[in-house]
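Pasted below: upload21.cif, mmCIF, C-alpha atoms.
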```cif
data_upload
loop_
_atom_site.label_atom_id
_atom_site.label_comp_id
_atom_site.auth_asym_id
_atom_site.auth_seq_id
_atom_site.Cartn_x
_atom_site.Cartn_y
_atom_site.Cartn_z
CA MET A 1 154.87 92.13 -145.02
CA THR A 2 151.51 92.28 -143.22
CA THR A 3 149.01 95.12 -143.14
CA LEU A 4 147.35 95.53 -139.75
CA GLY A 5 144.64 98.17 -139.90
CA GLY A 6 146.46 101.16 -141.33
CA ILE A 7 149.91 99.95 -140.20
CA THR A 8 152.32 97.96 -142.34
CA LEU A 9 154.11 95.36 -140.23
CA PRO A 10 157.18 93.87 -142.00
CA ARG A 11 158.03 90.20 -141.73
CA GLU A 12 161.10 90.97 -139.66
CA GLY A 13 158.94 92.92 -137.23
CA MET A 14 159.23 96.38 -135.71
CA THR A 15 160.94 97.81 -132.70
CA LEU A 16 158.82 99.05 -129.83
CA SER A 17 159.61 102.69 -130.59
CA ALA A 18 158.65 102.30 -134.26
CA PHE A 19 155.45 100.52 -133.28
CA GLY A 20 154.53 103.32 -130.86
CA ALA A 21 155.19 105.92 -133.56
CA ALA A 22 152.94 104.01 -135.98
CA LEU A 23 150.15 103.90 -133.39
CA GLN A 24 150.72 107.57 -132.50
CA VAL A 25 150.89 106.82 -128.78
CA ALA A 26 153.42 107.70 -126.12
CA PRO A 27 156.35 105.26 -125.69
CA ASP A 28 155.15 104.22 -122.23
CA ARG A 29 151.81 103.12 -123.71
CA ALA A 30 153.22 101.41 -126.79
CA GLU A 31 154.16 98.23 -124.92
CA LYS A 32 150.74 98.06 -123.26
CA ALA A 33 149.11 98.31 -126.68
CA ALA A 34 151.42 95.63 -128.07
CA ARG A 35 150.63 93.29 -125.16
CA TYR A 36 146.93 93.89 -125.71
CA LEU A 37 147.24 92.97 -129.41
CA HIS A 38 149.36 89.96 -128.45
CA ARG A 39 146.59 88.66 -126.17
CA LYS A 40 144.13 89.09 -129.03
CA ARG A 41 146.56 87.12 -131.28
CA LEU A 42 146.79 89.98 -133.75
CA VAL A 43 150.57 90.34 -133.34
CA PHE A 44 153.37 88.40 -131.66
CA VAL A 45 155.48 90.21 -129.07
CA SER A 46 159.01 88.87 -128.69
CA LYS A 47 161.17 89.95 -125.79
CA ILE A 48 164.80 88.80 -125.86
CA ALA A 49 167.47 90.21 -123.54
CA GLY A 50 165.16 93.06 -122.60
CA HIS A 51 164.51 94.11 -126.21
CA VAL A 52 160.88 94.05 -127.36
CA ARG A 53 160.02 93.38 -130.99
CA ILE A 54 156.55 93.21 -132.57
CA LEU A 55 156.12 90.55 -135.27
CA PRO A 56 153.16 89.52 -137.47
CA ALA A 57 150.90 87.00 -135.76
CA ASP A 58 151.28 84.38 -138.52
CA THR A 59 155.08 84.19 -138.29
CA VAL A 60 155.44 82.79 -134.79
CA ARG A 61 153.23 80.55 -132.68
CA ARG A 62 153.72 78.94 -129.30
CA ARG A 63 157.28 77.78 -128.60
CA GLY A 64 158.44 79.71 -131.65
CA ARG A 65 157.09 77.26 -134.24
CA PRO A 66 156.29 78.81 -137.63
CA ASN A 67 152.66 78.86 -138.61
CA ARG A 68 152.09 77.17 -141.97
CA GLY A 69 148.40 77.97 -142.10
CA VAL A 70 146.70 80.90 -143.75
CA PRO A 71 146.97 83.98 -141.55
CA ALA A 72 143.66 85.28 -140.26
CA LYS A 73 142.60 88.81 -141.06
CA PRO A 74 142.78 91.01 -137.96
CA LYS A 75 139.40 92.04 -136.58
CA LEU A 76 140.65 94.97 -134.49
CA ASP A 77 142.25 98.10 -135.89
CA PRO A 78 145.50 98.74 -133.97
CA ARG A 79 144.74 102.45 -134.04
CA LEU A 80 141.77 101.73 -131.77
CA VAL A 81 144.18 100.05 -129.37
CA GLY A 82 146.14 103.30 -129.22
CA LEU A 83 142.92 105.17 -128.45
CA LEU A 84 141.96 102.69 -125.73
CA SER A 85 145.38 102.95 -124.13
CA ARG A 86 144.94 106.72 -123.82
CA ALA A 87 141.39 106.33 -122.51
CA HIS A 88 142.19 103.70 -119.86
CA PRO A 89 143.40 106.22 -117.21
CA ILE A 90 140.13 108.14 -117.63
CA PHE A 91 138.08 104.96 -117.28
CA LEU A 92 140.08 104.04 -114.17
CA SER A 93 139.28 107.41 -112.63
CA MET A 94 135.57 106.87 -113.38
CA LYS A 95 135.69 103.45 -111.72
CA GLU A 96 137.18 104.98 -108.58
CA LEU A 97 134.53 107.73 -108.55
CA ARG A 98 131.75 105.17 -108.97
CA ARG A 99 133.24 103.11 -106.14
CA ASP A 100 133.13 106.11 -103.81
CA MET A 101 129.51 106.92 -104.72
CA PRO A 102 127.12 106.25 -101.77
CA THR A 103 124.67 103.44 -102.56
CA ASP A 104 121.67 105.19 -101.03
CA TRP A 105 120.66 108.35 -102.91
CA ARG A 106 119.51 109.89 -99.58
CA ASP A 107 122.93 109.38 -98.00
CA ARG A 108 125.37 112.34 -98.22
CA PRO A 109 123.74 114.24 -101.12
CA GLU A 110 126.59 116.78 -101.28
CA LEU A 111 129.13 114.02 -101.85
CA ARG A 112 126.92 112.36 -104.46
CA ALA A 113 126.52 115.64 -106.35
CA ALA A 114 130.28 116.32 -106.31
CA LEU A 115 131.11 112.79 -107.51
CA ALA A 116 128.44 112.97 -110.21
CA GLU A 117 129.93 116.19 -111.57
CA GLN A 118 133.40 114.64 -111.62
CA ILE A 119 132.05 111.62 -113.51
CA ALA A 120 130.42 113.96 -116.01
CA THR A 121 133.73 115.77 -116.49
CA GLU A 122 135.54 112.48 -117.16
CA SER A 123 132.80 111.51 -119.65
CA ASP A 124 133.40 114.78 -121.48
CA ARG A 125 137.11 113.92 -121.68
CA ILE A 126 136.23 110.59 -123.31
CA MET A 127 134.04 112.35 -125.88
CA LYS A 128 136.72 114.92 -126.70
CA LEU A 129 139.32 112.16 -127.06
CA CYS A 130 137.06 110.29 -129.49
CA ARG A 131 136.30 113.42 -131.49
CA ARG A 132 140.01 114.09 -131.99
CA PHE A 133 140.49 110.46 -133.02
CA MET A 134 137.64 110.61 -135.55
CA ALA A 135 138.94 113.86 -137.01
CA ALA A 136 142.47 112.47 -137.37
CA ASN A 137 141.52 109.06 -138.81
CA GLY A 138 138.25 109.71 -140.62
CA THR A 139 136.37 107.00 -138.72
CA HIS A 140 132.73 106.84 -137.61
CA ILE A 141 131.49 106.75 -134.07
CA ALA A 142 129.91 103.31 -134.60
CA GLY A 143 133.32 101.61 -134.66
CA LEU A 144 134.51 103.55 -131.63
CA ARG A 145 131.32 102.77 -129.76
CA GLU A 146 131.69 99.03 -130.36
CA ALA A 147 135.34 99.02 -129.28
CA LEU A 148 134.64 101.05 -126.14
CA TRP A 149 131.75 98.84 -125.07
CA LEU A 150 133.79 95.67 -125.67
CA ASP A 151 136.65 97.05 -123.59
CA GLN A 152 134.74 98.93 -120.83
CA ALA A 153 131.24 97.45 -120.71
CA GLU A 154 130.74 98.31 -117.03
CA ILE A 155 131.70 101.98 -117.36
CA MET A 156 130.27 102.89 -120.77
CA PRO A 157 126.69 103.23 -119.40
CA LEU A 158 127.94 106.21 -117.37
CA VAL A 159 129.45 107.77 -120.49
CA ALA A 160 126.31 107.05 -122.54
CA GLU A 161 124.18 108.74 -119.89
CA ARG A 162 126.17 111.93 -120.38
CA HIS A 163 126.62 111.52 -124.16
CA PRO A 164 123.75 109.50 -125.72
CA ALA A 165 125.74 109.09 -128.95
CA PHE A 166 127.65 106.31 -127.17
CA ALA A 167 124.48 104.37 -126.31
CA LEU A 168 124.17 100.94 -127.95
CA GLY A 169 121.85 100.51 -130.91
CA LEU A 170 122.32 103.96 -132.42
CA PRO A 171 123.27 104.52 -136.10
CA GLY A 172 126.85 105.03 -137.15
CA ALA A 173 126.57 108.70 -138.04
CA ALA A 174 128.73 111.02 -136.01
CA PRO A 175 126.85 113.25 -133.54
CA GLU A 176 126.49 116.91 -134.15
CA PRO A 177 129.54 118.82 -132.93
CA VAL A 178 129.13 120.61 -129.63
CA VAL A 179 130.66 123.85 -128.53
CA ASP A 180 134.03 123.10 -126.94
CA SER A 181 134.44 125.36 -123.94
CA GLN A 182 138.22 124.82 -124.05
CA ALA A 183 138.64 125.65 -127.76
CA LYS A 184 140.19 129.02 -126.97
CA ARG A 185 142.77 129.69 -124.31
CA VAL A 186 141.75 132.30 -121.78
CA GLY A 187 144.51 134.58 -120.60
CA ARG A 188 145.97 133.44 -117.31
CA GLY A 189 146.56 137.05 -116.32
CA LEU A 190 142.83 137.50 -115.70
CA SER A 191 141.30 137.29 -112.26
CA PRO A 192 139.26 134.16 -111.42
CA GLN A 193 136.02 136.13 -111.77
CA ASP A 194 137.01 137.48 -115.20
CA ARG A 195 138.08 133.99 -116.33
CA VAL A 196 134.73 132.50 -115.33
CA LEU A 197 132.95 135.25 -117.24
CA ALA A 198 135.18 134.65 -120.28
CA TYR A 199 134.42 130.91 -120.25
CA VAL A 200 130.68 131.63 -120.14
CA ARG A 201 130.89 134.05 -123.07
CA GLU A 202 132.95 131.64 -125.19
CA ALA A 203 130.56 128.75 -124.52
CA GLY A 204 127.85 130.26 -126.72
CA PRO A 205 124.08 129.87 -126.37
CA ASN A 206 124.31 126.35 -124.88
CA GLY A 207 126.19 127.64 -121.85
CA ILE A 208 128.77 125.81 -119.77
CA THR A 209 128.52 123.70 -116.63
CA VAL A 210 130.20 124.60 -113.36
CA SER A 211 132.14 121.32 -113.50
CA ASP A 212 133.55 122.25 -116.94
CA ILE A 213 134.66 125.62 -115.59
CA SER A 214 136.37 123.87 -112.69
CA PHE A 215 138.11 121.57 -115.18
CA ASN A 216 139.27 124.57 -117.22
CA PHE A 217 140.90 125.94 -114.07
CA GLY A 218 142.76 122.63 -113.73
CA ASN A 219 140.81 121.97 -110.51
CA ARG A 220 143.07 124.54 -108.82
CA LEU A 221 140.12 126.75 -107.88
CA LYS A 222 138.31 125.31 -104.87
CA ARG A 223 134.64 124.60 -105.44
CA PRO A 224 133.31 126.86 -102.64
CA VAL A 225 135.28 129.77 -104.11
CA LEU A 226 133.90 129.01 -107.58
CA ASN A 227 130.36 128.85 -106.20
CA ASP A 228 130.83 132.27 -104.60
CA ILE A 229 132.05 133.71 -107.92
CA VAL A 230 129.04 132.26 -109.75
CA ALA A 231 126.67 133.69 -107.14
CA THR A 232 128.30 137.12 -107.44
CA LEU A 233 128.07 137.14 -111.25
CA GLU A 234 124.43 136.06 -111.07
CA SER A 235 123.56 138.76 -108.54
CA VAL A 236 124.82 141.53 -110.85
CA GLY A 237 123.14 140.03 -113.93
CA GLN A 238 126.29 139.06 -115.82
CA VAL A 239 125.33 135.37 -116.07
CA ILE A 240 122.15 133.31 -115.96
CA VAL A 241 122.30 130.24 -113.73
CA ALA A 242 119.92 127.33 -114.34
CA GLU A 243 119.69 123.64 -113.54
CA CYS A 244 119.24 121.58 -116.71
CA ARG A 245 120.69 118.83 -118.87
CA MET A 246 121.56 118.62 -122.57
CA ALA A 247 120.19 115.08 -123.18
CA SER A 248 116.70 113.71 -122.67
CA ARG A 249 118.01 111.49 -119.89
CA GLY A 250 120.69 111.84 -117.26
CA ARG A 251 121.65 114.03 -114.37
CA VAL A 252 120.56 117.65 -114.04
CA GLY A 253 123.47 120.00 -113.41
CA VAL A 254 124.11 123.69 -112.86
CA ARG A 255 124.81 125.50 -116.15
CA LEU A 256 125.81 129.12 -116.73
CA PHE A 257 124.52 131.16 -119.71
CA ASP A 258 125.45 134.50 -121.21
CA PRO A 259 122.47 136.92 -120.99
CA VAL A 260 123.34 138.16 -124.49
CA HIS A 261 121.72 135.02 -125.94
CA GLY A 262 118.51 135.41 -123.96
CA GLU A 263 116.81 133.24 -121.38
CA PRO A 264 117.49 129.49 -121.74
CA ASN A 265 114.50 127.40 -122.86
CA ILE A 266 114.27 124.49 -120.40
CA LEU A 267 111.51 121.88 -120.56
CA PRO A 268 109.70 120.71 -117.40
CA ASP A 269 111.82 117.53 -117.36
CA GLY A 270 114.99 119.66 -117.15
CA ARG A 271 116.16 119.28 -120.76
CA LEU A 272 117.68 122.31 -122.47
CA VAL A 273 116.23 122.88 -125.96
CA GLY A 274 117.66 126.30 -126.76
CA VAL A 275 117.37 129.92 -125.79
CA ALA A 276 114.25 132.05 -125.89
#
```
Output the file's structure as structure tokens, nothing else.
Amino acid sequence: MTTLGGITLPREGMTLSAFGAALQVAPDRAEKAARYLHRKRLVFVSKIAGHVRILPADTVRRRGRPNRGVPAKPKLDPRLVGLLSRAHPIFLSMKELRRDMPTDWRDRPELRAALAEQIATESDRIMKLCRRFMAANGTHIAGLREALWLDQAEIMPLVAERHPAFALGLPGAAPEPVVDSQAKRVGRGLSPQDRVLAYVREAGPNGITVSDISFNFGNRLKRPVLNDIVATLESVGQVIVAECRMASRGRVGVRLFDPVHGEPNILPDGRLVGVA
């Protein structure tokens, strides 16, 4: 019997369904995770007559010869593999958005702004996925940061620009929790204008970006319609609209605030430091 991270892998191995249940991933992602661990030589994946079985890495080598040496201690927690398998579709979407981004910042500014907001939304999904993982497994962000940079070194700078906690060289303490604009479900019986207003009120003093509101609508509300709703709410004084950013670096975006909390305090460089 071999212990791999927090998973006990018996000498006779595990079926693919049992391995997926241990990793807490969907069945369609369990085989991808097993293949990934197989390439890292942390497990051995056997496929006979269409049946996949996951075995300890020290039981089988090439051509099925038994390994008589001392098994090496795994360096990668299989639970992180499950997290990476769930994050890969998000990273793929970010790669496609970056590919479509015009190279010249003066070329098609409307398209650049729309793509930048979509990239920011995908970065928020990565952060929320990691927060759920840390809460469920009691891990620190340092381990997640290292695994994400090893797996997606070309995309992580985009995520770190939106969420500086993922930047390399930071301590292992978890970042301060942020207000989750999707923590409460807003009634679908409300009109689009009332739903936007409800999202702004639930966001708290830090406000909520227009891209997050669009994501909460499931991207079913067209952006011009959403912009008209925001302009209407601003004209009657129900929301405060400002261009700012939460981090000291990164892109400045449109953020909506509830007037109940006062005017937002924005520095000259565009960083939001609180409300007045």
Please write out, as lines of an AutoDock Vina configuration file, where the centre of an axis-aligned box around all listed atoms of range 96-101 of chain A lies and how long its edges are, in Å to one decimal, after adding 8 Å on each side.
```
center_x = 133.3
center_y = 105.4
center_z = -106.4
size_x = 23.7
size_y = 20.6
size_z = 21.2
```
Contact table range 117-140 of chain A vs range 152-168 of chain A, cut-off 10 Å, shortest pair per residue, only C-alpha atoms, as CSV:
```
residue,atom,partner,partner_atom,distance
A:Ile119,CA,A:Leu158,CA,7.8
A:Ala120,CA,A:Arg162,CA,6.4
A:Thr121,CA,A:Arg162,CA,9.3
A:Glu122,CA,A:Val159,CA,8.4
A:Ser123,CA,A:Val159,CA,5.1
A:Asp124,CA,A:Arg162,CA,7.8
A:Arg125,CA,A:Val159,CA,9.9
A:Ile126,CA,A:Val159,CA,7.9
A:Met127,CA,A:His163,CA,7.7
```
Point-to-point distance from CA of Asp258 in chain A to CA of Gly204 in chain A, Å rounded to tenths: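 Those two atoms sit 7.4 Å apart.
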For Tyr36 in chain A, the nearest of the candidates A:Leu92, A:Leu111, A:Leu80, A:Leu226, counting all atoms listed in the file: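 Of A:Leu92, A:Leu111, A:Leu80, A:Leu226, the one nearest Tyr36 in chain A, counting all atoms listed in the file, is A:Leu80.
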Closest of A:Leu272, A:Pro102, A:Thr232, A:Arg79 to Met134 in chain A - atom-to-atom distances counting all atoms listed in the file: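 Among the listed residues, the smallest separation from Met134 in chain A belongs to A:Arg79.
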Residues near His38 in chain A, cut-off 10 Å, only C-alpha atoms, skip fewer than 5 positions along chain, as a ChimeraX atom specification: /A:32-33,43-46,54-57
Picked residues, the PyMOL selection byres ((chain A and resi 233) around 12), expected as a ChimeraX atom specification: /A:192-198,200,226-232,234-241,256-259
Separation of CA of Arg245 in chain A from CA of Gly270 in chain A in Å: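 Interatomic distance, CA of Gly270 in chain A to CA of Arg245 in chain A: 6.0 Å.
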Residues selected by the PyMOL selection byres ((chain A and resi 13-17) around 10), written as a PyMOL selection string: chain A and resi 1-2+8-12+18-23+25-28+30-31+34+43-46+51-56+59
